[in-house]
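Data block for query_21.cif (mmCIF, C-alpha atoms):
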```
data_input
#
loop_
_atom_site.label_atom_id
_atom_site.label_comp_id
_atom_site.auth_asym_id
_atom_site.auth_seq_id
_atom_site.Cartn_x
_atom_site.Cartn_y
_atom_site.Cartn_z
CA MET A 1 -28.33 -20.78 -13.66
CA THR A 2 -25.53 -19.45 -11.45
CA LYS A 3 -25.06 -15.68 -11.23
CA ILE A 4 -22.35 -13.52 -9.65
CA GLY A 5 -23.21 -12.30 -6.16
CA GLU A 6 -23.53 -13.21 -2.48
CA PRO A 7 -23.16 -17.04 -2.22
CA ARG A 8 -26.49 -18.86 -2.27
CA ILE A 9 -26.37 -22.65 -2.63
CA HIS A 10 -29.32 -25.04 -2.48
CA GLU A 11 -29.01 -28.72 -1.73
CA VAL A 12 -30.95 -30.91 -4.19
CA ARG A 13 -31.77 -34.56 -3.51
CA CYS A 14 -31.10 -36.82 -6.50
CA ARG A 15 -31.76 -40.44 -7.40
CA GLY A 16 -30.36 -42.89 -4.86
CA GLY A 17 -30.32 -40.28 -2.10
CA ASN A 18 -27.29 -38.52 -3.58
CA LYS A 19 -27.02 -34.76 -3.37
CA LYS A 20 -26.25 -31.99 -5.82
CA PHE A 21 -25.38 -28.51 -4.69
CA ARG A 22 -27.11 -26.00 -6.93
CA ALA A 23 -25.28 -22.68 -6.78
CA LEU A 24 -27.72 -19.87 -7.50
CA LYS A 25 -25.14 -17.17 -6.78
CA LEU A 26 -21.36 -17.31 -6.26
CA GLU A 27 -18.73 -14.64 -5.76
CA SER A 28 -15.47 -16.61 -5.52
CA GLY A 29 -13.76 -19.86 -6.46
CA ASN A 30 -10.48 -21.77 -6.61
CA PHE A 31 -8.41 -20.99 -9.68
CA ALA A 32 -5.12 -22.59 -10.71
CA TRP A 33 -2.16 -20.96 -12.41
CA GLY A 34 -0.91 -23.89 -14.46
CA THR A 35 2.66 -22.89 -15.34
CA GLU A 36 3.43 -21.78 -11.77
CA VAL A 37 1.57 -24.70 -10.10
CA CYS A 38 -0.27 -22.34 -7.76
CA THR A 39 -3.93 -22.37 -6.73
CA ARG A 40 -5.69 -19.58 -4.87
CA LYS A 41 -9.22 -18.67 -3.84
CA VAL A 42 -10.12 -15.49 -5.73
CA ARG A 43 -13.11 -13.26 -6.36
CA VAL A 44 -15.03 -13.61 -9.64
CA LEU A 45 -15.54 -10.15 -11.11
CA ASP A 46 -17.31 -10.58 -14.46
CA VAL A 47 -18.24 -12.94 -17.31
CA THR A 48 -16.64 -11.80 -20.58
CA TYR A 49 -17.14 -14.60 -23.12
CA ASN A 50 -19.19 -17.74 -23.61
CA ALA A 51 -18.89 -19.82 -26.76
CA SER A 52 -22.39 -21.26 -26.48
CA ASN A 53 -24.52 -18.14 -26.01
CA ASN A 54 -24.02 -14.36 -25.77
CA GLU A 55 -27.10 -14.14 -23.55
CA LEU A 56 -25.08 -15.87 -20.79
CA VAL A 57 -22.48 -13.08 -20.99
CA ARG A 58 -25.11 -10.33 -20.83
CA THR A 59 -26.80 -11.88 -17.79
CA LYS A 60 -23.39 -12.72 -16.18
CA THR A 61 -24.21 -16.42 -15.84
CA LEU A 62 -21.46 -18.78 -14.64
CA VAL A 63 -21.40 -22.08 -16.55
CA LYS A 64 -18.71 -24.59 -17.42
CA GLY A 65 -16.45 -23.25 -20.18
CA ALA A 66 -17.25 -19.58 -19.56
CA ILE A 67 -14.38 -17.08 -19.79
CA ILE A 68 -14.42 -14.83 -16.74
CA ILE A 69 -12.40 -12.03 -15.17
CA ILE A 70 -10.95 -12.76 -11.72
CA ASP A 71 -9.04 -10.67 -9.19
CA ALA A 72 -5.26 -10.91 -9.73
CA HIS A 73 -4.13 -9.82 -6.24
CA PRO A 74 -3.72 -13.27 -4.56
CA PHE A 75 -1.58 -14.55 -7.45
CA LYS A 76 0.44 -11.34 -7.56
CA THR A 77 1.31 -11.52 -3.84
CA TRP A 78 2.25 -15.20 -4.18
CA TYR A 79 4.55 -14.43 -7.15
CA GLU A 80 6.25 -11.59 -5.29
CA ALA A 81 6.83 -13.79 -2.22
CA HIS A 82 7.99 -16.80 -4.26
CA TYR A 83 10.33 -15.03 -6.71
CA GLY A 84 11.14 -11.80 -4.86
CA ILE A 85 10.19 -9.72 -7.90
CA LYS A 86 7.26 -7.33 -8.27
CA ILE A 87 5.07 -7.91 -11.32
CA GLY A 88 2.43 -5.82 -13.00
CA ILE A 89 4.37 -2.56 -12.73
CA LYS A 90 3.47 -0.07 -15.41
CA LYS A 91 6.40 0.94 -17.63
CA ALA A 92 5.99 4.68 -16.88
CA SER A 93 6.89 4.32 -13.21
CA LYS A 94 10.58 3.82 -12.48
CA GLU A 95 10.31 1.66 -9.35
CA SER A 96 12.67 -1.18 -8.69
CA SER A 97 11.05 -4.51 -9.45
CA ASP A 98 12.89 -6.36 -6.66
CA VAL A 99 11.30 -7.06 -3.30
CA ASP A 100 13.53 -6.54 -0.25
CA ILE A 101 14.68 -10.01 0.81
CA SER A 102 17.46 -8.89 3.19
CA SER A 103 15.23 -9.57 6.20
CA LYS A 104 15.00 -13.26 5.28
CA CYS A 105 17.51 -15.92 6.33
CA LYS A 106 20.47 -16.79 4.12
CA GLU A 107 18.93 -20.08 2.90
CA SER A 108 15.73 -18.31 1.81
CA GLN A 109 17.72 -15.63 -0.01
CA GLU A 110 19.64 -18.30 -1.93
CA LYS A 111 16.39 -20.10 -2.84
CA ILE A 112 14.83 -16.90 -4.16
CA LYS A 113 17.93 -16.00 -6.20
CA LYS A 114 17.91 -19.49 -7.72
CA ARG A 115 14.22 -19.16 -8.62
CA GLN A 116 14.81 -15.74 -10.21
CA ALA A 117 17.33 -17.22 -12.63
CA ASP A 118 14.81 -19.68 -14.09
CA ARG A 119 11.61 -17.61 -14.06
CA THR A 120 9.68 -16.49 -17.14
CA LEU A 121 6.46 -14.49 -17.33
CA GLU A 122 4.53 -13.77 -20.51
CA SER A 123 4.20 -10.07 -21.33
CA VAL A 124 0.43 -10.50 -21.85
CA LEU A 125 0.06 -11.91 -18.33
CA ASP A 126 2.22 -9.10 -16.93
CA SER A 127 -0.09 -6.50 -18.47
CA GLN A 128 -3.10 -8.30 -16.97
CA PHE A 129 -1.41 -8.21 -13.55
CA ALA A 130 -0.88 -4.46 -14.04
CA SER A 131 -4.63 -4.01 -14.53
CA GLY A 132 -5.37 -6.20 -11.49
CA ARG A 133 -7.58 -8.61 -13.45
CA LEU A 134 -6.90 -11.99 -15.05
CA LEU A 135 -8.82 -13.97 -17.66
CA ALA A 136 -9.76 -17.45 -16.48
CA LYS A 137 -11.86 -20.38 -17.67
CA VAL A 138 -14.45 -22.14 -15.50
CA THR A 139 -13.90 -25.92 -15.46
CA SER A 140 -16.38 -26.94 -12.77
CA ARG A 141 -20.15 -27.06 -13.18
CA PRO A 142 -21.48 -24.43 -10.75
CA GLY A 143 -25.10 -25.53 -11.13
CA GLN A 144 -24.23 -29.13 -10.23
CA THR A 145 -21.38 -28.90 -7.70
CA GLY A 146 -22.05 -25.55 -6.05
CA ARG A 147 -18.50 -24.37 -6.78
CA CYS A 148 -16.80 -22.22 -9.39
CA ASP A 149 -13.32 -23.60 -10.06
CA GLY A 150 -11.05 -23.16 -13.06
CA TYR A 151 -7.68 -22.04 -14.37
CA ILE A 152 -5.95 -18.90 -15.60
CA LEU A 153 -5.66 -18.60 -19.37
CA GLU A 154 -2.11 -18.54 -20.74
CA GLY A 155 -0.25 -18.89 -24.01
CA ARG A 156 -2.09 -19.80 -27.19
CA GLU A 157 -5.39 -20.37 -25.41
CA LEU A 158 -5.28 -16.81 -24.02
CA GLN A 159 -4.49 -15.44 -27.49
CA PHE A 160 -7.40 -17.41 -28.98
CA TYR A 161 -9.96 -16.10 -26.49
CA GLN A 162 -8.68 -12.52 -26.77
CA ARG A 163 -9.14 -12.78 -30.54
CA MET A 164 -12.67 -14.16 -30.10
CA MET A 165 -13.61 -11.37 -27.69
CA ALA A 166 -12.22 -8.76 -30.08
CA LYS A 167 -14.51 -10.09 -32.83
CA LYS A 168 -17.66 -9.60 -30.73
#
```
Same coordinates, now as structure tokens:
Amino acid sequence: MTKIGEPRIHEVRCRGGNKKFRALKLESGNFAWGTEVCTRKVRVLDVTYNASNNELVRTKTLVKGAIIIIDAHPFKTWYEAHYGIKIGIKKASKESSDVDISSKCKESQEKIKKRQADRTLESVLDSQFASGRLLAKVTSRPGQTGRCDGYILEGRELQFYQRMMAKK
């Protein structure tokens, strides 16, 4: 059973001389942002929901299919660099949401302006960026592969899991 903490991975010999990497503790993993086609290595902060067993949430056990909270900072910095717009700004503060792109070359400025015209960001995701934490789902098997990989929840799937967490 994989917990959150300082990485500790054991190598296990299997049938045929193959190897499994049993993660006893992990603190980070690769997570993908599907709609933006962006993957970053981020810190795992907490386990919030598991459909199979509430005991796994209480003990903060990482298993395939678990809903976890990850650090939003790497995705936020990528978004600001890619689109030239700050995200996750609370409504009370009256800062400009544009990043200064005047120091970049003319071609880069044109690219960023073109990207800004087509961009969309869900309001639910924007509020998660404001808190600095994102909900994600683990798709790898940490006890078998020694890694914790997954994707950020968006759209209807995010709404579903938020509803399920509100019930509990």
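Among the candidates A:Cys148, A:Ile112, A:Ala136, A:Ala51, the residue lying nearest to Ile67 (chain A) is A:Ala136 (atoms considered: only C-alpha atoms).
Residues captured in this structure file are Lys64, Gly65, Lys137, Val138, Ser140, Arg141, Cys148, Asp149, Gly150 and Tyr151 of chain A, according to the PyMOL selection byres ((chain A and resi 139) around 8).
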Output the selection as a short mmCIF file (atom, residue, chain, number, x, y, z; two decimals), in the coordinates of the input - C-alpha atoms for each residue.
```
data_model
loop_
_atom_site.label_atom_id
_atom_site.label_comp_id
_atom_site.auth_asym_id
_atom_site.auth_seq_id
_atom_site.Cartn_x
_atom_site.Cartn_y
_atom_site.Cartn_z
CA LYS A 64 -18.71 -24.59 -17.42
CA GLY A 65 -16.45 -23.25 -20.18
CA LYS A 137 -11.86 -20.38 -17.67
CA VAL A 138 -14.45 -22.14 -15.50
CA SER A 140 -16.38 -26.94 -12.77
CA ARG A 141 -20.15 -27.06 -13.18
CA CYS A 148 -16.80 -22.22 -9.39
CA ASP A 149 -13.32 -23.60 -10.06
CA GLY A 150 -11.05 -23.16 -13.06
CA TYR A 151 -7.68 -22.04 -14.37
#
```
Do you know which residues lie at most 12 Å from (2.9, -9.7, -15.8), with coordinates as in the file and all atoms listed in the file counted, and could you write them as a PyMOL selection string?
chain A and resi 72-73+75-76+79-80+85-91+97+119-134+154
Which residues are close to region 142-145 of chain A, i.e. within 9 Å by all atoms listed in the file, leaving aside same-chain residues fewer than 6 positions away? Reply as a PyMOL selection string.
chain A and resi 1-2+20-24+26+62-64
Dump of C-alpha atoms for the selected residues, as a tab-separated table (two decimals), keeping the file's coordinate frame:
```
chain	number	residue	atom	x	y	z
A	1	MET	CA	-28.33	-20.78	-13.66
A	2	THR	CA	-25.53	-19.45	-11.45
A	20	LYS	CA	-26.25	-31.99	-5.82
A	21	PHE	CA	-25.38	-28.51	-4.69
A	22	ARG	CA	-27.11	-26.00	-6.93
A	23	ALA	CA	-25.28	-22.68	-6.78
A	24	LEU	CA	-27.72	-19.87	-7.50
A	26	LEU	CA	-21.36	-17.31	-6.26
A	62	LEU	CA	-21.46	-18.78	-14.64
A	63	VAL	CA	-21.40	-22.08	-16.55
A	64	LYS	CA	-18.71	-24.59	-17.42
```
Would you work out the distance separating CA of Arg163 (chain A) from CA of Leu45 (chain A), expressed in Å to one decimal?
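Interatomic distance here is 20.6 Å.
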Tell me, in Å to one decimal, how far CA of Ser28 (chain A) is from CA of Gly155 (chain A).
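Separation of CA of Ser28 (chain A) and CA of Gly155 (chain A): 24.1 Å.
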From the options A:Pro7, A:Arg147, A:Cys14, A:Pro74, which residue's atoms come nearest to Lys41 (chain A), counting only C-alpha atoms?
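Closest residue, counting only C-alpha atoms: A:Pro74.
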Could you spell out the hits of the PyMOL selection byres ((chain A and resi 43) around 6) on the shown file, as a list in words?
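With the PyMOL selection byres ((chain A and resi 43) around 6) on this model, the match is Glu27, Ser28, Val42, Val44, Ile70 and Asp71 of chain A.
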Interatomic distance, CA of Gly29 (chain A) to CA of Ile4 (chain A) (Å, one decimal)
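For CA of Gly29 (chain A) relative to CA of Ile4 (chain A), the distance reads 11.1 Å.
Among the candidates A:Leu135, A:Phe160, A:Asn53, A:Glu107, the one nearest to Trp33 (chain A) when counting only C-alpha atoms is A:Leu135.
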Between A:Cys105, A:Ala66, A:Ala81, A:Ile152, which is the closest to Val47 (chain A) once you count only C-alpha atoms?
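For Val47 (chain A), the nearest of the candidates is A:Ala66.
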With all atoms listed in the file as the atoms that count, which of A:Lys25, A:Lys104, A:Lys60, A:Arg115 lies nearest to Gly5 (chain A)?
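Checking each of A:Lys25, A:Lys104, A:Lys60, A:Arg115 against Gly5 (chain A), counting all atoms listed in the file, the winner is A:Lys25.
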Would you fill out region 119-143 of chain A with N, CA, C and O atoms and return it as a PDB file, in the frame of the given file?
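Saved file result_15.pdb follows:
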```pdb
ATOM      1  N   ARG A 119      13.004 -18.053 -13.881  1.00  0.00           N
ATOM      2  CA  ARG A 119      11.610 -17.610 -14.060  1.00  0.00           C
ATOM      3  C   ARG A 119      11.364 -16.970 -15.428  1.00  0.00           C
ATOM      4  O   ARG A 119      12.253 -16.341 -16.011  1.00  0.00           O
ATOM      5  N   THR A 120      10.141 -17.166 -15.927  1.00  0.00           N
ATOM      6  CA  THR A 120       9.680 -16.490 -17.140  1.00  0.00           C
ATOM      7  C   THR A 120       8.229 -16.106 -16.924  1.00  0.00           C
ATOM      8  O   THR A 120       7.463 -16.843 -16.312  1.00  0.00           O
ATOM      9  N   LEU A 121       7.835 -14.952 -17.431  1.00  0.00           N
ATOM     10  CA  LEU A 121       6.460 -14.490 -17.330  1.00  0.00           C
ATOM     11  C   LEU A 121       6.078 -13.840 -18.657  1.00  0.00           C
ATOM     12  O   LEU A 121       6.785 -12.948 -19.138  1.00  0.00           O
ATOM     13  N   GLU A 122       4.985 -14.318 -19.236  1.00  0.00           N
ATOM     14  CA  GLU A 122       4.530 -13.770 -20.510  1.00  0.00           C
ATOM     15  C   GLU A 122       4.182 -12.292 -20.348  1.00  0.00           C
ATOM     16  O   GLU A 122       3.636 -11.889 -19.322  1.00  0.00           O
ATOM     17  N   SER A 123       4.472 -11.505 -21.392  1.00  0.00           N
ATOM     18  CA  SER A 123       4.200 -10.070 -21.330  1.00  0.00           C
ATOM     19  C   SER A 123       2.689  -9.797 -21.263  1.00  0.00           C
ATOM     20  O   SER A 123       2.255  -8.833 -20.630  1.00  0.00           O
ATOM     21  N   VAL A 124       1.886 -10.667 -21.882  1.00  0.00           N
ATOM     22  CA  VAL A 124       0.430 -10.500 -21.850  1.00  0.00           C
ATOM     23  C   VAL A 124      -0.085 -10.687 -20.422  1.00  0.00           C
ATOM     24  O   VAL A 124      -0.942  -9.932 -19.949  1.00  0.00           O
ATOM     25  N   LEU A 125       0.449 -11.686 -19.721  1.00  0.00           N
ATOM     26  CA  LEU A 125       0.060 -11.910 -18.330  1.00  0.00           C
ATOM     27  C   LEU A 125       0.514 -10.759 -17.440  1.00  0.00           C
ATOM     28  O   LEU A 125      -0.208 -10.349 -16.530  1.00  0.00           O
ATOM     29  N   ASP A 126       1.699 -10.224 -17.720  1.00  0.00           N
ATOM     30  CA  ASP A 126       2.220  -9.100 -16.930  1.00  0.00           C
ATOM     31  C   ASP A 126       1.313  -7.883 -17.071  1.00  0.00           C
ATOM     32  O   ASP A 126       1.038  -7.192 -16.086  1.00  0.00           O
ATOM     33  N   SER A 127       0.808  -7.640 -18.270  1.00  0.00           N
ATOM     34  CA  SER A 127      -0.090  -6.500 -18.470  1.00  0.00           C
ATOM     35  C   SER A 127      -1.428  -6.739 -17.778  1.00  0.00           C
ATOM     36  O   SER A 127      -2.055  -5.803 -17.284  1.00  0.00           O
ATOM     37  N   GLN A 128      -1.870  -8.001 -17.711  1.00  0.00           N
ATOM     38  CA  GLN A 128      -3.100  -8.300 -16.970  1.00  0.00           C
ATOM     39  C   GLN A 128      -2.892  -8.088 -15.472  1.00  0.00           C
ATOM     40  O   GLN A 128      -3.786  -7.584 -14.788  1.00  0.00           O
ATOM     41  N   PHE A 129      -1.718  -8.460 -14.957  1.00  0.00           N
ATOM     42  CA  PHE A 129      -1.410  -8.210 -13.550  1.00  0.00           C
ATOM     43  C   PHE A 129      -1.385  -6.716 -13.262  1.00  0.00           C
ATOM     44  O   PHE A 129      -1.780  -6.282 -12.184  1.00  0.00           O
ATOM     45  N   ALA A 130      -0.911  -5.912 -14.218  1.00  0.00           N
ATOM     46  CA  ALA A 130      -0.880  -4.460 -14.040  1.00  0.00           C
ATOM     47  C   ALA A 130      -2.290  -3.891 -13.906  1.00  0.00           C
ATOM     48  O   ALA A 130      -2.518  -2.943 -13.156  1.00  0.00           O
ATOM     49  N   SER A 131      -3.248  -4.486 -14.622  1.00  0.00           N
ATOM     50  CA  SER A 131      -4.630  -4.010 -14.530  1.00  0.00           C
ATOM     51  C   SER A 131      -5.348  -4.579 -13.308  1.00  0.00           C
ATOM     52  O   SER A 131      -6.422  -4.109 -12.936  1.00  0.00           O
ATOM     53  N   GLY A 132      -4.771  -5.613 -12.684  1.00  0.00           N
ATOM     54  CA  GLY A 132      -5.370  -6.200 -11.490  1.00  0.00           C
ATOM     55  C   GLY A 132      -6.435  -7.231 -11.781  1.00  0.00           C
ATOM     56  O   GLY A 132      -7.154  -7.660 -10.894  1.00  0.00           O
ATOM     57  N   ARG A 133      -6.560  -7.637 -13.050  1.00  0.00           N
ATOM     58  CA  ARG A 133      -7.580  -8.610 -13.450  1.00  0.00           C
ATOM     59  C   ARG A 133      -6.956  -9.650 -14.373  1.00  0.00           C
ATOM     60  O   ARG A 133      -6.120  -9.330 -15.208  1.00  0.00           O
ATOM     61  N   LEU A 134      -7.387 -10.895 -14.220  1.00  0.00           N
ATOM     62  CA  LEU A 134      -6.900 -11.990 -15.050  1.00  0.00           C
ATOM     63  C   LEU A 134      -8.065 -12.666 -15.748  1.00  0.00           C
ATOM     64  O   LEU A 134      -9.158 -12.760 -15.190  1.00  0.00           O
ATOM     65  N   LEU A 135      -7.812 -13.172 -16.954  1.00  0.00           N
ATOM     66  CA  LEU A 135      -8.820 -13.970 -17.660  1.00  0.00           C
ATOM     67  C   LEU A 135      -8.670 -15.423 -17.221  1.00  0.00           C
ATOM     68  O   LEU A 135      -7.566 -15.945 -17.154  1.00  0.00           O
ATOM     69  N   ALA A 136      -9.781 -16.060 -16.926  1.00  0.00           N
ATOM     70  CA  ALA A 136      -9.760 -17.450 -16.480  1.00  0.00           C
ATOM     71  C   ALA A 136     -10.923 -18.201 -17.120  1.00  0.00           C
ATOM     72  O   ALA A 136     -11.880 -17.598 -17.600  1.00  0.00           O
ATOM     73  N   LYS A 137     -10.812 -19.519 -17.112  1.00  0.00           N
ATOM     74  CA  LYS A 137     -11.860 -20.380 -17.670  1.00  0.00           C
ATOM     75  C   LYS A 137     -12.435 -21.235 -16.547  1.00  0.00           C
ATOM     76  O   LYS A 137     -11.695 -21.800 -15.745  1.00  0.00           O
ATOM     77  N   VAL A 138     -13.768 -21.335 -16.513  1.00  0.00           N
ATOM     78  CA  VAL A 138     -14.450 -22.140 -15.500  1.00  0.00           C
ATOM     79  C   VAL A 138     -14.436 -23.592 -15.962  1.00  0.00           C
ATOM     80  O   VAL A 138     -14.871 -23.906 -17.068  1.00  0.00           O
ATOM     81  N   THR A 139     -13.937 -24.499 -15.109  1.00  0.00           N
ATOM     82  CA  THR A 139     -13.900 -25.920 -15.460  1.00  0.00           C
ATOM     83  C   THR A 139     -14.892 -26.747 -14.660  1.00  0.00           C
ATOM     84  O   THR A 139     -15.187 -27.877 -15.032  1.00  0.00           O
ATOM     85  N   SER A 140     -15.378 -26.212 -13.553  1.00  0.00           N
ATOM     86  CA  SER A 140     -16.380 -26.940 -12.770  1.00  0.00           C
ATOM     87  C   SER A 140     -17.772 -26.615 -13.307  1.00  0.00           C
ATOM     88  O   SER A 140     -17.924 -25.755 -14.161  1.00  0.00           O
ATOM     89  N   ARG A 141     -18.767 -27.309 -12.776  1.00  0.00           N
ATOM     90  CA  ARG A 141     -20.150 -27.060 -13.180  1.00  0.00           C
ATOM     91  C   ARG A 141     -20.879 -26.441 -11.992  1.00  0.00           C
ATOM     92  O   ARG A 141     -21.377 -27.161 -11.128  1.00  0.00           O
ATOM     93  N   PRO A 142     -20.938 -25.104 -11.929  1.00  0.00           N
ATOM     94  CA  PRO A 142     -21.480 -24.430 -10.750  1.00  0.00           C
ATOM     95  C   PRO A 142     -22.917 -24.836 -10.405  1.00  0.00           C
ATOM     96  O   PRO A 142     -23.274 -24.896  -9.231  1.00  0.00           O
ATOM     97  N   GLY A 143     -23.727 -25.137 -11.393  1.00  0.00           N
ATOM     98  CA  GLY A 143     -25.100 -25.530 -11.130  1.00  0.00           C
ATOM     99  C   GLY A 143     -25.242 -26.937 -10.594  1.00  0.00           C
ATOM    100  O   GLY A 143     -26.296 -27.325 -10.105  1.00  0.00           O
TER     101      GLY A 143
END
```
